[in-house]
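J.: I'd like to ask some things about the structure below.
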Amino acid sequence: MEAKKFFARSLLFSTATIVVLIVINFQIDLYGLFHSTKGKSISIFDDERGSKYLLAHRYVPENFDSYILGPSLSANINPKEIPGFKMYNLSMMGANITEQKAVLEKALEHSTPKLIILCLHPYLTADQGMKTESISQQYFYGALGSVSLYKAYAFALIRNLNLMPAKFPGDQFNDYGYNNYNKFMQQMPVRDKIKQQLERKDAVKTAIDSVAWIEFNEVINECFDRKIQIVAYFHPLPFPLYDKYREPLTHYKETMENALSGKAIVMDFNTSNYEFFTKDFSNYIDHGHLSEKGQVFLLPEILKQADLLKD
């Protein structure tokens, strides 16, 4: 009899604890899922993919009317520095088109942006499928109570109090989706990294996965049907690397241009007009990712060339 009472009390206590935690997490609402986020400022503390997926439910569509999409090559572009634009960077480290499509579709369920800037690089369509479990409905429910949520609380505390600045700096992410990963990504001098990549036979893989190609076209067609202005750009690669893979990259470019014809403004930062940029290695931190100098140039240049930003 005593055992039954103990079990009942334990069950009641556990249930009450869970309910209390759910209520607390609901009120804190770290990702802006359960209350209006209009006018709020929400940053990222842990798990960029999962955080941007959750922020795309409400925070991103309620506060921004333009998005940047792409893999890590565009994730460190800071749209907050561009006055007059409410642009969120939905790019993600290591993301492929499957993951970008899922995050974009979640934002589109809420509202339609006026502009999408799309970073074009073979990495985006080289494979397909989710690389993480955090872009899922299960992760959404985890925002009411889960190990990942409490990890995010811990990282928020560490970053906000600047407890481990070398490993978890408070300024790595901002409320516009910018990921300041440069200090973590740069492992060696840029010239050495480019030289290392030039010695590889597969440094740039231009083959397009068949399923990824379908998903890419679905994204483009969805945006076009919604009358979203698409500005797509071929990411500037360091000149020696681009020059070595010029032939397959030209084929990749032609394939992308055919898919985007009549649906997007397309610009290429690997032409001779931009060799002043691609031959200047101070614009890079490695064989492709941009330095702060390169970032500061690229986004304004994209907007200018698309006639969206005046001098």
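So you can find residues: chains in the structure tokens are A, B, ... in the order shown, residues in each start at 1, and ligands are numbered from 1 in order.
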Please return as a ChimeraX atom specification: the residues of range 47-133 of chain A that backbone DSSP assigns to helix (DSSP H, G or I).
T.: /A:48-55,59-63,72-75,79-81,97-108,122-125
J.: Residues as selected, N, CA and C atoms, written as a CSV table (one decimal), in the first residue's frame, can you do that?
T.:
```
chain,number,residue,atom,x,y,z
A,48,GLU,N,23.0,26.7,-34.9
A,48,GLU,CA,22.6,27.6,-35.9
A,48,GLU,C,21.4,27.1,-36.7
A,49,ARG,N,21.5,25.8,-37.2
A,49,ARG,CA,20.5,25.2,-38.0
A,49,ARG,C,19.1,25.2,-37.2
A,50,GLY,N,19.2,24.6,-36.1
A,50,GLY,CA,17.9,24.5,-35.3
A,50,GLY,C,17.3,25.8,-34.9
A,51,SER,N,18.2,26.7,-34.5
A,51,SER,CA,17.7,28.1,-34.1
A,51,SER,C,17.1,28.8,-35.3
A,52,LYS,N,17.7,28.8,-36.4
A,52,LYS,CA,17.1,29.5,-37.6
A,52,LYS,C,15.8,28.9,-38.0
A,53,TYR,N,15.8,27.5,-37.9
A,53,TYR,CA,14.5,26.9,-38.2
A,53,TYR,C,13.4,27.3,-37.3
A,54,LEU,N,13.7,27.4,-36.0
A,54,LEU,CA,12.7,27.9,-35.0
A,54,LEU,C,12.4,29.3,-35.2
A,55,LEU,N,13.4,30.1,-35.4
A,55,LEU,CA,13.2,31.6,-35.6
A,55,LEU,C,12.4,31.9,-36.9
A,59,TYR,N,9.7,34.9,-35.7
A,59,TYR,CA,10.5,36.0,-35.6
A,59,TYR,C,11.0,36.6,-36.9
A,60,VAL,N,11.5,35.7,-37.8
A,60,VAL,CA,12.0,36.1,-39.1
A,60,VAL,C,10.9,36.8,-39.9
A,61,PRO,N,9.8,36.1,-40.2
A,61,PRO,CA,8.8,36.7,-41.0
A,61,PRO,C,8.0,37.9,-40.4
A,62,GLU,N,8.0,38.0,-39.1
A,62,GLU,CA,7.3,39.1,-38.4
A,62,GLU,C,8.2,40.3,-38.4
A,63,ASN,N,9.5,40.2,-38.6
A,63,ASN,CA,10.4,41.4,-38.5
A,63,ASN,C,11.2,41.7,-39.7
A,72,SER,N,27.5,28.1,-45.8
A,72,SER,CA,28.4,28.9,-45.0
A,72,SER,C,29.0,30.0,-45.7
A,73,LEU,N,29.2,30.0,-47.0
A,73,LEU,CA,29.8,31.0,-47.7
A,73,LEU,C,29.1,32.4,-47.6
A,74,SER,N,27.8,32.3,-47.4
A,74,SER,CA,27.1,33.6,-47.2
A,74,SER,C,26.6,33.8,-45.8
A,75,ALA,N,26.9,32.8,-44.9
A,75,ALA,CA,26.4,32.9,-43.5
A,75,ALA,C,27.0,34.0,-42.7
A,79,PRO,N,23.8,41.6,-42.8
A,79,PRO,CA,22.8,42.5,-43.4
A,79,PRO,C,22.4,43.6,-42.5
A,80,LYS,N,22.7,43.5,-41.2
A,80,LYS,CA,22.4,44.6,-40.3
A,80,LYS,C,23.2,45.9,-40.6
A,81,GLU,N,24.3,45.7,-41.3
A,81,GLU,CA,25.1,46.9,-41.6
A,81,GLU,C,24.5,47.7,-42.8
A,97,ILE,N,20.6,22.4,-50.0
A,97,ILE,CA,19.3,23.0,-50.5
A,97,ILE,C,18.1,22.4,-49.7
A,98,THR,N,18.2,21.2,-49.3
A,98,THR,CA,17.1,20.5,-48.5
A,98,THR,C,16.9,21.3,-47.3
A,99,GLU,N,17.9,21.7,-46.5
A,99,GLU,CA,17.8,22.4,-45.3
A,99,GLU,C,17.3,23.8,-45.5
A,100,GLN,N,17.9,24.5,-46.5
A,100,GLN,CA,17.5,25.8,-46.8
A,100,GLN,C,16.0,25.9,-47.2
A,101,LYS,N,15.6,24.9,-48.0
A,101,LYS,CA,14.2,24.9,-48.4
A,101,LYS,C,13.3,24.7,-47.3
A,102,ALA,N,13.6,23.9,-46.3
A,102,ALA,CA,12.8,23.6,-45.2
A,102,ALA,C,12.6,24.9,-44.3
A,103,VAL,N,13.7,25.6,-44.1
A,103,VAL,CA,13.7,26.8,-43.3
A,103,VAL,C,12.9,27.9,-44.0
A,104,LEU,N,13.2,28.1,-45.3
A,104,LEU,CA,12.4,29.1,-46.1
A,104,LEU,C,10.9,28.8,-46.1
A,105,GLU,N,10.6,27.5,-46.3
A,105,GLU,CA,9.1,27.2,-46.4
A,105,GLU,C,8.4,27.5,-45.1
A,106,LYS,N,9.1,27.3,-44.0
A,106,LYS,CA,8.5,27.6,-42.7
A,106,LYS,C,8.3,29.1,-42.6
A,107,ALA,N,9.2,29.9,-43.0
A,107,ALA,CA,9.0,31.4,-43.0
A,107,ALA,C,7.9,31.8,-43.9
A,108,LEU,N,7.8,31.1,-45.1
A,108,LEU,CA,6.8,31.5,-46.1
A,108,LEU,C,5.4,31.1,-45.6
A,122,PRO,N,28.4,25.3,-55.9
A,122,PRO,CA,28.1,23.9,-56.1
A,122,PRO,C,27.8,23.2,-54.8
A,123,TYR,N,28.3,23.6,-53.7
A,123,TYR,CA,28.1,22.9,-52.4
A,123,TYR,C,26.6,22.9,-52.1
A,124,LEU,N,25.8,23.9,-52.5
A,124,LEU,CA,24.4,23.9,-52.1
A,124,LEU,C,23.6,22.8,-52.7
A,125,THR,N,24.0,22.3,-53.9
A,125,THR,CA,23.2,21.3,-54.6
A,125,THR,C,24.0,20.0,-54.8
```
J.: Mind running range 177-253 of chain A against range 273-281 of chain A at 7 Å and telling me each contacting residue's nearest atom pair with the distance in Å (one decimal), counting only C-alpha atoms, chain and number ascending, as JSON lines?
T.:
```
{"residue": "A:Val190", "atom": "CA", "partner": "A:Phe281", "partner_atom": "CA", "distance": 6.7}
{"residue": "A:Pro236", "atom": "CA", "partner": "A:Thr278", "partner_atom": "CA", "distance": 6.4}
{"residue": "A:Leu237", "atom": "CA", "partner": "A:Thr278", "partner_atom": "CA", "distance": 6.2}
{"residue": "A:Pro238", "atom": "CA", "partner": "A:Thr278", "partner_atom": "CA", "distance": 4.7}
{"residue": "A:Phe239", "atom": "CA", "partner": "A:Thr278", "partner_atom": "CA", "distance": 5.0}
```
J.: Would you save the residues of that selection, restricted to N, CA and C atoms, as an mmCIF file, in the first residue's frame?
T.:
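Now in out-v1.cif:
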```
data_model
loop_
_atom_site.group_PDB
_atom_site.id
_atom_site.type_symbol
_atom_site.label_atom_id
_atom_site.label_comp_id
_atom_site.auth_asym_id
_atom_site.auth_seq_id
_atom_site.Cartn_x
_atom_site.Cartn_y
_atom_site.Cartn_z
ATOM 1 N N VAL A 190 45.863 32.379 -45.677
ATOM 2 C CA VAL A 190 44.987 32.175 -46.835
ATOM 3 C C VAL A 190 45.754 31.589 -48.023
ATOM 4 N N PRO A 236 32.098 34.666 -55.161
ATOM 5 C CA PRO A 236 33.462 34.870 -55.663
ATOM 6 C C PRO A 236 34.464 33.905 -55.031
ATOM 7 N N LEU A 237 35.121 33.135 -55.861
ATOM 8 C CA LEU A 237 36.152 32.206 -55.397
ATOM 9 C C LEU A 237 37.529 32.822 -55.636
ATOM 10 N N PRO A 238 38.501 32.520 -54.793
ATOM 11 C CA PRO A 238 39.860 33.010 -55.058
ATOM 12 C C PRO A 238 40.280 32.649 -56.480
ATOM 13 N N PHE A 239 40.848 33.590 -57.181
ATOM 14 C CA PHE A 239 41.105 33.420 -58.609
ATOM 15 C C PHE A 239 41.850 32.129 -58.964
#
```
J.: Each residue of range 74-121 of chain A lying at most 8 Å from range 172-181 of chain A should get a row with its shortest atom-to-atom pair and the distance in Å to one decimal, counting only C-alpha atoms; could you produce that, ordered by chain and increasing number, as a Markdown table?
T.:
```
| residue | atom | partner | partner_atom | distance |
| --- | --- | --- | --- | --- |
| A:Ala75 | CA | A:Asn179 | CA | 5.7 |
| A:Asn76 | CA | A:Asn179 | CA | 4.8 |
| A:Ile77 | CA | A:Tyr178 | CA | 6.1 |
| A:Asn78 | CA | A:Tyr178 | CA | 5.0 |
| A:Pro79 | CA | A:Tyr176 | CA | 6.6 |
| A:Lys80 | CA | A:Tyr176 | CA | 6.0 |
| A:Met87 | CA | A:Tyr176 | CA | 6.9 |
| A:Tyr88 | CA | A:Tyr176 | CA | 4.8 |
| A:Asn89 | CA | A:Gly177 | CA | 4.6 |
| A:Leu90 | CA | A:Gly177 | CA | 6.3 |
| A:Ser91 | CA | A:Gly177 | CA | 7.9 |
```
J.: Only all heavy atoms, please: the residues just picked out, written as a PDB file, in the first residue's frame.
T.:
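part-v5.pdb was written with the following content:
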```
ATOM      1  N   ALA A  75      26.874  32.814 -44.859  1.00  0.00           N
ATOM      2  CA  ALA A  75      26.370  32.908 -43.487  1.00  0.00           C
ATOM      3  C   ALA A  75      27.029  34.032 -42.698  1.00  0.00           C
ATOM      4  O   ALA A  75      26.472  34.511 -41.711  1.00  0.00           O
ATOM      5  CB  ALA A  75      26.565  31.575 -42.749  1.00  0.00           C
ATOM      6  N   ASN A  76      28.230  34.449 -43.123  1.00  0.00           N
ATOM      7  CA  ASN A  76      28.906  35.519 -42.381  1.00  0.00           C
ATOM      8  C   ASN A  76      28.756  36.886 -43.052  1.00  0.00           C
ATOM      9  O   ASN A  76      29.541  37.791 -42.814  1.00  0.00           O
ATOM     10  CB  ASN A  76      30.386  35.192 -42.161  1.00  0.00           C
ATOM     11  CG  ASN A  76      31.194  35.223 -43.451  1.00  0.00           C
ATOM     12  OD1 ASN A  76      30.643  35.133 -44.541  1.00  0.00           O
ATOM     13  ND2 ASN A  76      32.508  35.355 -43.327  1.00  0.00           N
ATOM     14  N   ILE A  77      27.734  37.029 -43.883  1.00  0.00           N
ATOM     15  CA  ILE A  77      27.377  38.343 -44.422  1.00  0.00           C
ATOM     16  C   ILE A  77      26.435  39.006 -43.427  1.00  0.00           C
ATOM     17  O   ILE A  77      25.436  38.409 -43.015  1.00  0.00           O
ATOM     18  CB  ILE A  77      26.706  38.213 -45.804  1.00  0.00           C
ATOM     19  CG1 ILE A  77      27.726  37.720 -46.832  1.00  0.00           C
ATOM     20  CG2 ILE A  77      26.101  39.531 -46.235  1.00  0.00           C
ATOM     21  CD1 ILE A  77      27.148  37.483 -48.200  1.00  0.00           C
ATOM     22  N   ASN A  78      26.748  40.227 -43.045  1.00  0.00           N
ATOM     23  CA  ASN A  78      25.985  40.918 -42.004  1.00  0.00           C
ATOM     24  C   ASN A  78      25.010  41.932 -42.604  1.00  0.00           C
ATOM     25  O   ASN A  78      25.385  43.075 -42.883  1.00  0.00           O
ATOM     26  CB  ASN A  78      26.934  41.614 -41.037  1.00  0.00           C
ATOM     27  CG  ASN A  78      26.207  42.174 -39.822  1.00  0.00           C
ATOM     28  OD1 ASN A  78      24.992  42.031 -39.691  1.00  0.00           O
ATOM     29  ND2 ASN A  78      26.944  42.817 -38.944  1.00  0.00           N
ATOM     30  N   PRO A  79      23.757  41.560 -42.777  1.00  0.00           N
ATOM     31  CA  PRO A  79      22.781  42.491 -43.380  1.00  0.00           C
ATOM     32  C   PRO A  79      22.405  43.646 -42.464  1.00  0.00           C
ATOM     33  O   PRO A  79      21.828  44.634 -42.919  1.00  0.00           O
ATOM     34  CB  PRO A  79      21.571  41.594 -43.672  1.00  0.00           C
ATOM     35  CG  PRO A  79      21.685  40.480 -42.695  1.00  0.00           C
ATOM     36  CD  PRO A  79      23.149  40.252 -42.495  1.00  0.00           C
ATOM     37  N   LYS A  80      22.725  43.529 -41.191  1.00  0.00           N
ATOM     38  CA  LYS A  80      22.386  44.606 -40.256  1.00  0.00           C
ATOM     39  C   LYS A  80      23.157  45.882 -40.577  1.00  0.00           C
ATOM     40  O   LYS A  80      22.747  46.980 -40.187  1.00  0.00           O
ATOM     41  CB  LYS A  80      22.675  44.155 -38.827  1.00  0.00           C
ATOM     42  CG  LYS A  80      22.078  45.057 -37.758  1.00  0.00           C
ATOM     43  CD  LYS A  80      22.189  44.438 -36.368  1.00  0.00           C
ATOM     44  CE  LYS A  80      21.481  45.299 -35.330  1.00  0.00           C
ATOM     45  NZ  LYS A  80      21.494  44.670 -33.981  1.00  0.00           N
ATOM     46  N   MET A  87      16.642  42.810 -43.499  1.00  0.00           N
ATOM     47  CA  MET A  87      17.065  41.584 -44.178  1.00  0.00           C
ATOM     48  C   MET A  87      17.642  40.606 -43.168  1.00  0.00           C
ATOM     49  O   MET A  87      18.521  40.963 -42.389  1.00  0.00           O
ATOM     50  CB  MET A  87      18.105  41.936 -45.248  1.00  0.00           C
ATOM     51  CG  MET A  87      18.582  40.757 -46.076  1.00  0.00           C
ATOM     52  SD  MET A  87      19.874  41.275 -47.267  1.00  0.00           S
ATOM     53  CE  MET A  87      18.971  42.480 -48.250  1.00  0.00           C
ATOM     54  N   TYR A  88      17.162  39.368 -43.198  1.00  0.00           N
ATOM     55  CA  TYR A  88      17.644  38.341 -42.278  1.00  0.00           C
ATOM     56  C   TYR A  88      18.473  37.314 -43.041  1.00  0.00           C
ATOM     57  O   TYR A  88      18.093  36.866 -44.135  1.00  0.00           O
ATOM     58  CB  TYR A  88      16.484  37.636 -41.583  1.00  0.00           C
ATOM     59  CG  TYR A  88      16.935  36.781 -40.409  1.00  0.00           C
ATOM     60  CD1 TYR A  88      17.079  37.326 -39.139  1.00  0.00           C
ATOM     61  CD2 TYR A  88      17.238  35.434 -40.575  1.00  0.00           C
ATOM     62  CE1 TYR A  88      17.518  36.566 -38.067  1.00  0.00           C
ATOM     63  CE2 TYR A  88      17.677  34.660 -39.515  1.00  0.00           C
ATOM     64  CZ  TYR A  88      17.810  35.235 -38.260  1.00  0.00           C
ATOM     65  OH  TYR A  88      18.251  34.477 -37.205  1.00  0.00           O
ATOM     66  N   ASN A  89      19.587  36.916 -42.455  1.00  0.00           N
ATOM     67  CA  ASN A  89      20.455  35.935 -43.083  1.00  0.00           C
ATOM     68  C   ASN A  89      20.067  34.532 -42.632  1.00  0.00           C
ATOM     69  O   ASN A  89      20.399  34.100 -41.532  1.00  0.00           O
ATOM     70  CB  ASN A  89      21.918  36.218 -42.736  1.00  0.00           C
ATOM     71  CG  ASN A  89      22.872  35.460 -43.654  1.00  0.00           C
ATOM     72  OD1 ASN A  89      22.521  34.426 -44.206  1.00  0.00           O
ATOM     73  ND2 ASN A  89      24.073  35.982 -43.818  1.00  0.00           N
ATOM     74  N   LEU A  90      19.360  33.817 -43.496  1.00  0.00           N
ATOM     75  CA  LEU A  90      18.931  32.445 -43.213  1.00  0.00           C
ATOM     76  C   LEU A  90      19.962  31.407 -43.659  1.00  0.00           C
ATOM     77  O   LEU A  90      19.715  30.210 -43.538  1.00  0.00           O
ATOM     78  CB  LEU A  90      17.596  32.152 -43.902  1.00  0.00           C
ATOM     79  CG  LEU A  90      16.328  32.668 -43.210  1.00  0.00           C
ATOM     80  CD1 LEU A  90      15.107  32.460 -44.105  1.00  0.00           C
ATOM     81  CD2 LEU A  90      16.110  32.006 -41.861  1.00  0.00           C
ATOM     82  N   SER A  91      21.105  31.866 -44.175  1.00  0.00           N
ATOM     83  CA  SER A  91      22.160  30.924 -44.549  1.00  0.00           C
ATOM     84  C   SER A  91      22.633  30.170 -43.314  1.00  0.00           C
ATOM     85  O   SER A  91      22.549  30.680 -42.191  1.00  0.00           O
ATOM     86  CB  SER A  91      23.354  31.677 -45.152  1.00  0.00           C
ATOM     87  OG  SER A  91      22.965  32.529 -46.200  1.00  0.00           O
TER      88      SER A  91
END
```
J.: Quick one: pull the distance between CA of Leu163 in chain A and CA of Asp29 in chain A, Å, one decimal.
T.: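 Between these atoms lies a distance of 23.1 Å.
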J.: Report as a PyMOL selection string all protein, DNA and RNA residues lying within 10 Å of Lys183 in chain A, evaluated on only C-alpha atoms, omitting residues in the same chain fewer than 3 positions from it.
T.: chain A and resi 166-167+172+180+186-187+285+291
J.: Hey, can you check how far CA of Leu161 in chain A sits from CA of Ile42 in chain A?
T.: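 Atom-to-atom, CA of Leu161 in chain A and CA of Ile42 in chain A are spaced 16.4 Å apart.
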J.: For Ser111 in chain A, which residue among A:Val23, A:Leu30, A:Ile44, A:Ile228 is the nearest when counting only C-alpha atoms?
T.: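 So, comparing all the options, the nearest one is A:Ile228.
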J.: Which residues in range 117-289 of chain A does DSSP call strand (DSSP E)? List them as a list in words.
T.: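 Result set for range 117-289 of chain A (strand (DSSP E)): Ile117, Leu118, Cys119, Leu120, Gln229, Ile230, Val231, Ala232, Tyr233, Phe234, Ile265, Val266, Met267 and Asp268 of chain A.
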J.: Counting only C-alpha atoms, figure out which residue out of A:Gln229, A:Asn283, A:Thr255, A:Asn160 gets nearest to Asn182 in chain A.
T.: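 Looking only at the distances to Asn182 in chain A, the closest residue turns out to be A:Asn283.
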J.: If I take CA of His110 in chain A and CA of Leu149 in chain A, how far is one from the other in Å, to one decimal?
T.: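 Here the two named atoms are 23.4 Å from each other.
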J.: May I have the residues within 12 Å of Lys151 in chain A as a ChimeraX atom specification, using only C-alpha atoms and disregarding those fewer than 3 positions away in the same chain?
T.: /A:30,45-47,142-143,145-148,154-158
J.: A:Lys40, A:Lys114, A:His121, A:Arg226: which is nearest Met256 in chain A, counting only C-alpha atoms?
T.: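 The closest residue to Met256 in chain A is A:His121.
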J.: Which residues are close to Glu109 in chain A, i.e. within 10 Å by only C-alpha atoms, leaving aside same-chain residues fewer than 6 positions away? Reply as a ChimeraX atom specification.
T.: /A:56-58,61
